[in-house]
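Single-structure report; data block below.
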Amino acid sequence: MATATTDSSGISEPRPTASTEGERDVVFSVRGLWKVFGPKADRIPDDASLEGLSGAEVRERTGCTPAVRDVSFDVHKGESFVVMGLSGSGKSTLVRCLTRLIEPTGGTLEMDGEDVRAMDKAALRELRRNRASMVFQHFGLLPHRTVLDNVAYGLEIQGMGKAERRAKAQEMVDKVGLGGLELRRPGQLSGGQQQRVGLARALAVDPEVLLFDEPFSALDPLIRRDMQEEVVRLHREEGRTMVFITHDLSEALLLGDRIALMRDGKVVQLGTPEEIVGSPADEYVRDFVRDVPREQVLTVRRAMRPVEAGEADEGPALGPDTLISDAIEAVARSGGAVRIVDDGRCLGIVDHQCLLNVVARLDSEQHGGVAA
């Protein structure tokens, strides 16, 4: 959704550090996080005899279910970070641990350098009300209140005066495209409109982070697409940090600057959409992304050839993060070669032949199962 990051990928259970993840501030820092359900759950993270066992095997041996297993990652300020996985992978449990809606069993968890696991009830209440707002799949709107009053509800809890909170709520209603519907009640709205009310309510308290728990999975496909595009628009306009849970790969690729792909409680790969699709870490990830049209995810960095004499200074130009599919259109329009330029420097050239070559290679990898 934004420019690609420089983080590496393809390493199981990645353990990034703030010093190696670029210059952007870290909002959430997660290290060795566990959530285990069952009797004497706190013993599971330190039990070396359980390493390498599946969740089912751990359950059979101990009676405990490890929902999140030794997970580490950072979420940067302004980033859209997607946690993706199939049902039972641990993604929802993981994100609920970030604000201790579910209490972690082990590991460290920080927000803006503060130890979230050490927070008392008052500090947690402040975090959930003002710093990290959750948008759920089930909207949880108050049926007897108008749209405007639903959006203003969080501000009311904060103690904001009526006139000020209604003005702020009106601003958010307009921002999510519900202007004119302020006096309607939730029962008079469509599912997509209700979800927009939920989004406006979360935005109204001006949180540092928005946490989305599969908010669009119950919506009709067309409405779901509209809401995805709304989130993309808001992210681009505001640059707000977002953590988004989904089981849908196309949604993850659309919304994520980086994606953490989970399986059986573990992060099996962490990287940009291009890294996930272009360099899958293992056979599981490769199967997951097999049907993704690669030219709609991978960039011209994988297609460009070296610059030859006289090519660096003339002709149309594209940025290095241009998708291959867009480059195909640009080359067709130009009728010749197109320069790939970054910060005034020509990095390479794409033309008809090198695009044909990369598309043929991507098609072979996709259908032949060859690793990128």
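Residues are named by chain letter and number: chains run A, B, ... in the order of the structure tokens, numbers start at 1 in each chain, and ligands are numbered from 1 in the order shown.
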Can you list, as a short mmCIF file (atom, residue, chain, number, x, y, z; two decimals) with N, CA and C atoms, in the first residue's frame, every protein, DNA or RNA residue that comes within 7 Å of range 243-253 of chain A when you count only C-alpha atoms, leaving out same-chain residues fewer than 5 positions away?
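After the write, result_10.cif holds the following:
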```
data_model
loop_
_atom_site.label_atom_id
_atom_site.label_comp_id
_atom_site.auth_asym_id
_atom_site.auth_seq_id
_atom_site.Cartn_x
_atom_site.Cartn_y
_atom_site.Cartn_z
N SER A 80 1.34 -0.03 7.52
CA SER A 80 0.19 -0.92 7.50
C SER A 80 0.73 -2.35 7.55
N PHE A 81 0.59 -2.96 8.72
CA PHE A 81 1.17 -4.27 9.00
C PHE A 81 0.05 -5.30 9.04
N VAL A 82 0.13 -6.30 8.18
CA VAL A 82 -0.93 -7.31 8.07
C VAL A 82 -0.47 -8.62 8.70
N VAL A 83 -1.34 -9.18 9.54
CA VAL A 83 -1.12 -10.52 10.09
C VAL A 83 -2.11 -11.44 9.39
N MET A 84 -1.60 -12.39 8.62
CA MET A 84 -2.43 -13.22 7.77
C MET A 84 -2.25 -14.69 8.11
N GLY A 85 -3.32 -15.44 8.01
CA GLY A 85 -3.24 -16.88 8.21
C GLY A 85 -4.62 -17.49 8.12
N LEU A 86 -4.65 -18.81 7.99
CA LEU A 86 -5.92 -19.52 7.94
C LEU A 86 -6.53 -19.59 9.33
N LYS A 91 -3.59 -15.80 14.43
CA LYS A 91 -3.48 -14.38 14.08
C LYS A 91 -4.33 -13.48 14.98
N SER A 92 -5.58 -13.86 15.23
CA SER A 92 -6.45 -13.02 16.07
C SER A 92 -5.96 -13.00 17.51
N LEU A 210 -4.51 1.84 14.67
CA LEU A 210 -5.80 1.20 14.42
C LEU A 210 -5.56 -0.30 14.26
N LEU A 211 -6.28 -1.11 15.02
CA LEU A 211 -6.19 -2.56 14.95
C LEU A 211 -7.47 -3.10 14.31
N PHE A 212 -7.33 -3.80 13.20
CA PHE A 212 -8.49 -4.31 12.47
C PHE A 212 -8.55 -5.83 12.62
N ASP A 213 -9.63 -6.34 13.18
CA ASP A 213 -9.79 -7.78 13.36
C ASP A 213 -10.77 -8.32 12.33
N GLU A 214 -10.25 -8.66 11.14
CA GLU A 214 -11.06 -9.16 10.03
C GLU A 214 -12.36 -8.38 9.89
N ILE A 259 3.74 -8.13 5.56
CA ILE A 259 2.81 -9.19 5.92
C ILE A 259 3.54 -10.21 6.79
N PRO A 273 4.79 -7.55 0.45
CA PRO A 273 4.05 -8.39 -0.49
C PRO A 273 4.93 -8.96 -1.60
#
```
All residues 10 Å or closer to range 193-199 of chain A, only C-alpha atoms, same chain fewer than 2 positions away omitted, as a ChimeraX atom specification: /A:133-141,147-148,150-151,172-173,175-178,181-182,185-191,201-204,210,212,215-216,219,223-224,227,230-231
Test item: residues at most 12 Å from Arg233 in chain A, only C-alpha atoms, excluding those fewer than 3 positions along its chain, as a compact mmCIF listing (two decimals) with N, CA, C and O atoms, in the first residue's frame:
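Saved to result38.txt:
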```txt
# COMPACT_ATOMS: atom_id res chain seq x y z
N MET A 1 0.83 -1.20 0.00
CA MET A 1 0.00 0.00 0.00
C MET A 1 0.86 1.25 0.00
O MET A 1 0.52 2.27 -0.51
N ALA A 2 2.05 1.18 0.60
CA ALA A 2 3.01 2.26 0.56
C ALA A 2 4.26 1.75 -0.13
O ALA A 2 4.29 0.69 -0.72
N LYS A 175 -15.48 12.14 6.86
CA LYS A 175 -14.24 11.53 6.37
C LYS A 175 -14.47 10.14 5.79
O LYS A 175 -13.84 9.75 4.81
N VAL A 176 -15.39 9.37 6.40
CA VAL A 176 -15.64 8.01 5.92
C VAL A 176 -16.81 7.94 4.94
O VAL A 176 -17.28 6.85 4.60
N GLY A 177 -17.27 9.10 4.46
CA GLY A 177 -18.27 9.11 3.40
C GLY A 177 -19.70 8.88 3.84
O GLY A 177 -20.51 8.40 3.05
N ASP A 226 -15.10 -1.96 -1.49
CA ASP A 226 -15.22 -0.53 -1.20
C ASP A 226 -14.56 -0.18 0.13
O ASP A 226 -13.87 0.84 0.25
N MET A 227 -14.76 -1.03 1.14
CA MET A 227 -14.18 -0.76 2.45
C MET A 227 -12.66 -0.91 2.43
O MET A 227 -11.94 -0.15 3.08
N GLN A 228 -12.16 -1.88 1.68
CA GLN A 228 -10.71 -2.01 1.53
C GLN A 228 -10.12 -0.75 0.92
O GLN A 228 -9.09 -0.24 1.38
N GLU A 229 -10.76 -0.25 -0.12
CA GLU A 229 -10.27 0.96 -0.78
C GLU A 229 -10.37 2.16 0.15
O GLU A 229 -9.54 3.07 0.09
N GLU A 230 -11.40 2.17 1.03
CA GLU A 230 -11.53 3.24 2.00
C GLU A 230 -10.36 3.24 2.98
O GLU A 230 -9.81 4.29 3.33
N ARG A 236 -3.33 6.44 3.21
CA ARG A 236 -2.51 7.34 2.39
C ARG A 236 -2.66 8.79 2.84
O ARG A 236 -1.70 9.56 2.84
N GLU A 237 -3.89 9.18 3.21
CA GLU A 237 -4.15 10.56 3.61
C GLU A 237 -3.58 10.88 4.98
O GLU A 237 -3.07 11.98 5.21
N GLU A 238 -3.67 9.93 5.92
CA GLU A 238 -3.31 10.21 7.30
C GLU A 238 -1.98 9.61 7.73
O GLU A 238 -1.38 10.07 8.70
N GLY A 239 -1.53 8.55 7.04
CA GLY A 239 -0.30 7.90 7.44
C GLY A 239 -0.38 7.27 8.82
O GLY A 239 0.64 7.10 9.50
N ARG A 240 -1.57 6.87 9.22
CA ARG A 240 -1.76 6.29 10.55
C ARG A 240 -1.27 4.85 10.57
O ARG A 240 -1.39 4.11 9.60
N LEU A 254 -3.23 -6.24 -0.89
CA LEU A 254 -3.72 -4.90 -1.17
C LEU A 254 -3.39 -3.92 -0.05
O LEU A 254 -2.98 -2.79 -0.29
N LEU A 255 -3.54 -4.37 1.21
CA LEU A 255 -3.47 -3.46 2.34
C LEU A 255 -2.10 -3.38 3.00
O LEU A 255 -1.80 -2.40 3.67
```
Which of range 153-231 of chain A fall in strand (DSSP E), as a PyMOL selection string: chain A and resi 209-213
Could you take the residues named above and write them with N, CA, C and O atoms, as a CSV table (one decimal), in the first residue's frame?
```
chain,number,residue,atom,x,y,z
A,209,VAL,N,-2.6,3.9,16.8
A,209,VAL,CA,-2.7,2.7,16.0
A,209,VAL,C,-4.2,2.3,15.9
A,209,VAL,O,-4.9,2.3,16.8
A,210,LEU,N,-4.5,1.8,14.7
A,210,LEU,CA,-5.8,1.2,14.4
A,210,LEU,C,-5.6,-0.3,14.3
A,210,LEU,O,-4.7,-0.7,13.5
A,211,LEU,N,-6.3,-1.1,15.0
A,211,LEU,CA,-6.2,-2.6,14.9
A,211,LEU,C,-7.5,-3.1,14.3
A,211,LEU,O,-8.6,-2.9,14.8
A,212,PHE,N,-7.3,-3.8,13.2
A,212,PHE,CA,-8.5,-4.3,12.5
A,212,PHE,C,-8.5,-5.8,12.6
A,212,PHE,O,-7.6,-6.5,12.2
A,213,ASP,N,-9.6,-6.3,13.2
A,213,ASP,CA,-9.8,-7.8,13.4
A,213,ASP,C,-10.8,-8.3,12.3
A,213,ASP,O,-12.0,-8.4,12.6
```
Nearest to Glu274 in chain A by atom-to-atom distance, counting only C-alpha atoms, from A:Val297, A:Ala332, A:Leu94, A:Val68: A:Val297
Proximity to Met160 in chain A - best of A:Phe37, A:Thr146, A:Arg117, A:Val205, only C-alpha atoms: A:Val205
Spatial neighbours of Val277 in chain A, 12 Å, only C-alpha atoms, chain gap at least 5 places, as a PyMOL selection string: chain A and resi 9-10+249-250+252-253+258-259+261+269-272+282+284-299+362+365-366+371-372
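Between Pro143 in chain A and the candidates A:Leu347, A:Arg302, A:Arg184, A:Glu103, the tightest atom-to-atom separation, counting only C-alpha atoms, involves A:Arg184.
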Pick from A:Asp206, A:Glu110, A:Glu60, A:Asp363, whichever lies nearest to Ala152 in chain A using only C-alpha atoms: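 Nearest candidate to Ala152 in chain A out of A:Asp206, A:Glu110, A:Glu60, A:Asp363: A:Asp206.
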Which of range 108-189 of chain A DSSP labels helix (DSSP H, G or I), written as number ranges by chain: A: 116-118, 121-131, 147-151, 153-158, 162-175, 186-188
Expected file contents, prior selection, N, CA and C atoms, as a CSV table (one decimal), in the first residue's frame:
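Saved the output as part16.csv:
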```
chain,number,residue,atom,x,y,z
A,116,VAL,N,4.2,-3.2,27.9
A,116,VAL,CA,2.7,-3.3,28.0
A,116,VAL,C,2.3,-4.4,29.0
A,117,ARG,N,3.2,-5.4,29.1
A,117,ARG,CA,2.8,-6.5,30.1
A,117,ARG,C,2.9,-6.0,31.5
A,118,ALA,N,3.6,-4.9,31.8
A,118,ALA,CA,3.8,-4.4,33.1
A,118,ALA,C,2.7,-3.3,33.5
A,121,LYS,N,-4.1,-1.5,35.5
A,121,LYS,CA,-5.4,-1.4,34.8
A,121,LYS,C,-5.6,0.0,34.3
A,122,ALA,N,-5.2,1.0,35.0
A,122,ALA,CA,-5.4,2.4,34.5
A,122,ALA,C,-4.7,2.6,33.2
A,123,ALA,N,-3.4,2.2,33.2
A,123,ALA,CA,-2.6,2.4,32.0
A,123,ALA,C,-3.1,1.6,30.8
A,124,LEU,N,-3.6,0.4,31.0
A,124,LEU,CA,-4.2,-0.4,30.0
A,124,LEU,C,-5.5,0.2,29.4
A,125,ARG,N,-6.3,0.8,30.4
A,125,ARG,CA,-7.5,1.4,29.9
A,125,ARG,C,-7.2,2.6,29.0
A,126,GLU,N,-6.2,3.4,29.4
A,126,GLU,CA,-5.7,4.5,28.6
A,126,GLU,C,-5.2,4.0,27.2
A,127,LEU,N,-4.5,2.9,27.2
A,127,LEU,CA,-4.0,2.4,25.9
A,127,LEU,C,-5.1,2.0,25.0
A,128,ARG,N,-6.1,1.3,25.5
A,128,ARG,CA,-7.2,0.8,24.7
A,128,ARG,C,-8.2,1.9,24.3
A,129,ARG,N,-8.3,2.9,25.1
A,129,ARG,CA,-9.3,4.0,24.8
A,129,ARG,C,-8.7,5.0,23.9
A,130,ASN,N,-7.4,5.3,24.0
A,130,ASN,CA,-6.9,6.5,23.4
A,130,ASN,C,-5.7,6.2,22.4
A,131,ARG,N,-5.0,5.1,22.6
A,131,ARG,CA,-3.8,4.9,21.9
A,131,ARG,C,-3.9,3.8,20.8
A,147,VAL,N,-26.1,7.7,14.2
A,147,VAL,CA,-24.7,7.5,13.6
A,147,VAL,C,-23.8,8.5,14.3
A,148,LEU,N,-24.2,9.8,14.4
A,148,LEU,CA,-23.3,10.8,15.0
A,148,LEU,C,-23.0,10.4,16.5
A,149,ASP,N,-24.0,10.0,17.3
A,149,ASP,CA,-23.8,9.7,18.7
A,149,ASP,C,-23.0,8.4,18.8
A,150,ASN,N,-23.1,7.4,17.9
A,150,ASN,CA,-22.3,6.3,18.0
A,150,ASN,C,-20.8,6.6,17.7
A,151,VAL,N,-20.6,7.5,16.8
A,151,VAL,CA,-19.2,7.9,16.5
A,151,VAL,C,-18.6,8.7,17.6
A,153,TYR,N,-19.2,8.3,20.8
A,153,TYR,CA,-19.3,7.5,22.0
A,153,TYR,C,-17.9,7.5,22.7
A,154,GLY,N,-16.9,7.2,22.0
A,154,GLY,CA,-15.6,7.1,22.7
A,154,GLY,C,-15.1,8.4,23.2
A,155,LEU,N,-15.5,9.5,22.5
A,155,LEU,CA,-15.1,10.9,23.0
A,155,LEU,C,-15.9,11.2,24.3
A,156,GLU,N,-17.2,10.7,24.3
A,156,GLU,CA,-18.0,10.9,25.5
A,156,GLU,C,-17.4,10.2,26.7
A,157,ILE,N,-16.9,9.0,26.5
A,157,ILE,CA,-16.2,8.2,27.6
A,157,ILE,C,-15.0,9.0,28.1
A,158,GLN,N,-14.3,9.6,27.1
A,158,GLN,CA,-13.1,10.4,27.5
A,158,GLN,C,-13.4,11.7,28.3
A,162,LYS,N,-20.1,18.1,25.0
A,162,LYS,CA,-21.0,17.6,24.0
A,162,LYS,C,-20.8,18.3,22.7
A,163,ALA,N,-20.6,19.6,22.7
A,163,ALA,CA,-20.5,20.4,21.4
A,163,ALA,C,-19.2,20.0,20.7
A,164,GLU,N,-18.1,19.9,21.5
A,164,GLU,CA,-16.8,19.5,20.9
A,164,GLU,C,-16.8,18.1,20.3
A,165,ARG,N,-17.4,17.2,21.0
A,165,ARG,CA,-17.4,15.8,20.6
A,165,ARG,C,-18.3,15.6,19.4
A,166,ARG,N,-19.4,16.3,19.3
A,166,ARG,CA,-20.3,16.2,18.2
A,166,ARG,C,-19.6,16.8,16.9
A,167,ALA,N,-18.9,17.9,17.1
A,167,ALA,CA,-18.2,18.5,16.0
A,167,ALA,C,-17.1,17.5,15.5
A,168,LYS,N,-16.4,16.9,16.4
A,168,LYS,CA,-15.3,15.9,16.0
A,168,LYS,C,-16.0,14.7,15.3
A,169,ALA,N,-17.1,14.2,15.9
A,169,ALA,CA,-17.8,13.1,15.3
A,169,ALA,C,-18.2,13.4,13.9
A,170,GLN,N,-18.7,14.6,13.7
A,170,GLN,CA,-19.2,15.0,12.3
A,170,GLN,C,-18.1,15.0,11.3
A,171,GLU,N,-16.9,15.5,11.8
A,171,GLU,CA,-15.7,15.4,10.9
A,171,GLU,C,-15.4,14.0,10.5
A,172,MET,N,-15.5,13.1,11.4
A,172,MET,CA,-15.1,11.7,11.1
A,172,MET,C,-16.2,11.1,10.2
A,173,VAL,N,-17.5,11.4,10.5
A,173,VAL,CA,-18.6,10.9,9.6
A,173,VAL,C,-18.4,11.3,8.2
A,174,ASP,N,-18.0,12.6,8.0
A,174,ASP,CA,-17.7,13.1,6.6
A,174,ASP,C,-16.5,12.4,6.0
A,175,LYS,N,-15.5,12.1,6.9
A,175,LYS,CA,-14.2,11.5,6.4
A,175,LYS,C,-14.5,10.1,5.8
A,186,PRO,N,-28.4,2.6,13.5
A,186,PRO,CA,-27.7,1.5,12.8
A,186,PRO,C,-28.6,0.6,12.0
A,187,GLY,N,-29.8,0.4,12.5
A,187,GLY,CA,-30.7,-0.5,11.9
A,187,GLY,C,-31.2,0.0,10.5
A,188,GLN,N,-31.0,1.3,10.2
A,188,GLN,CA,-31.4,1.9,9.0
A,188,GLN,C,-30.2,1.9,8.0
```
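Going from CA of Pro316 in chain A to CA of Asp342 in chain A covers 13.0 Å.
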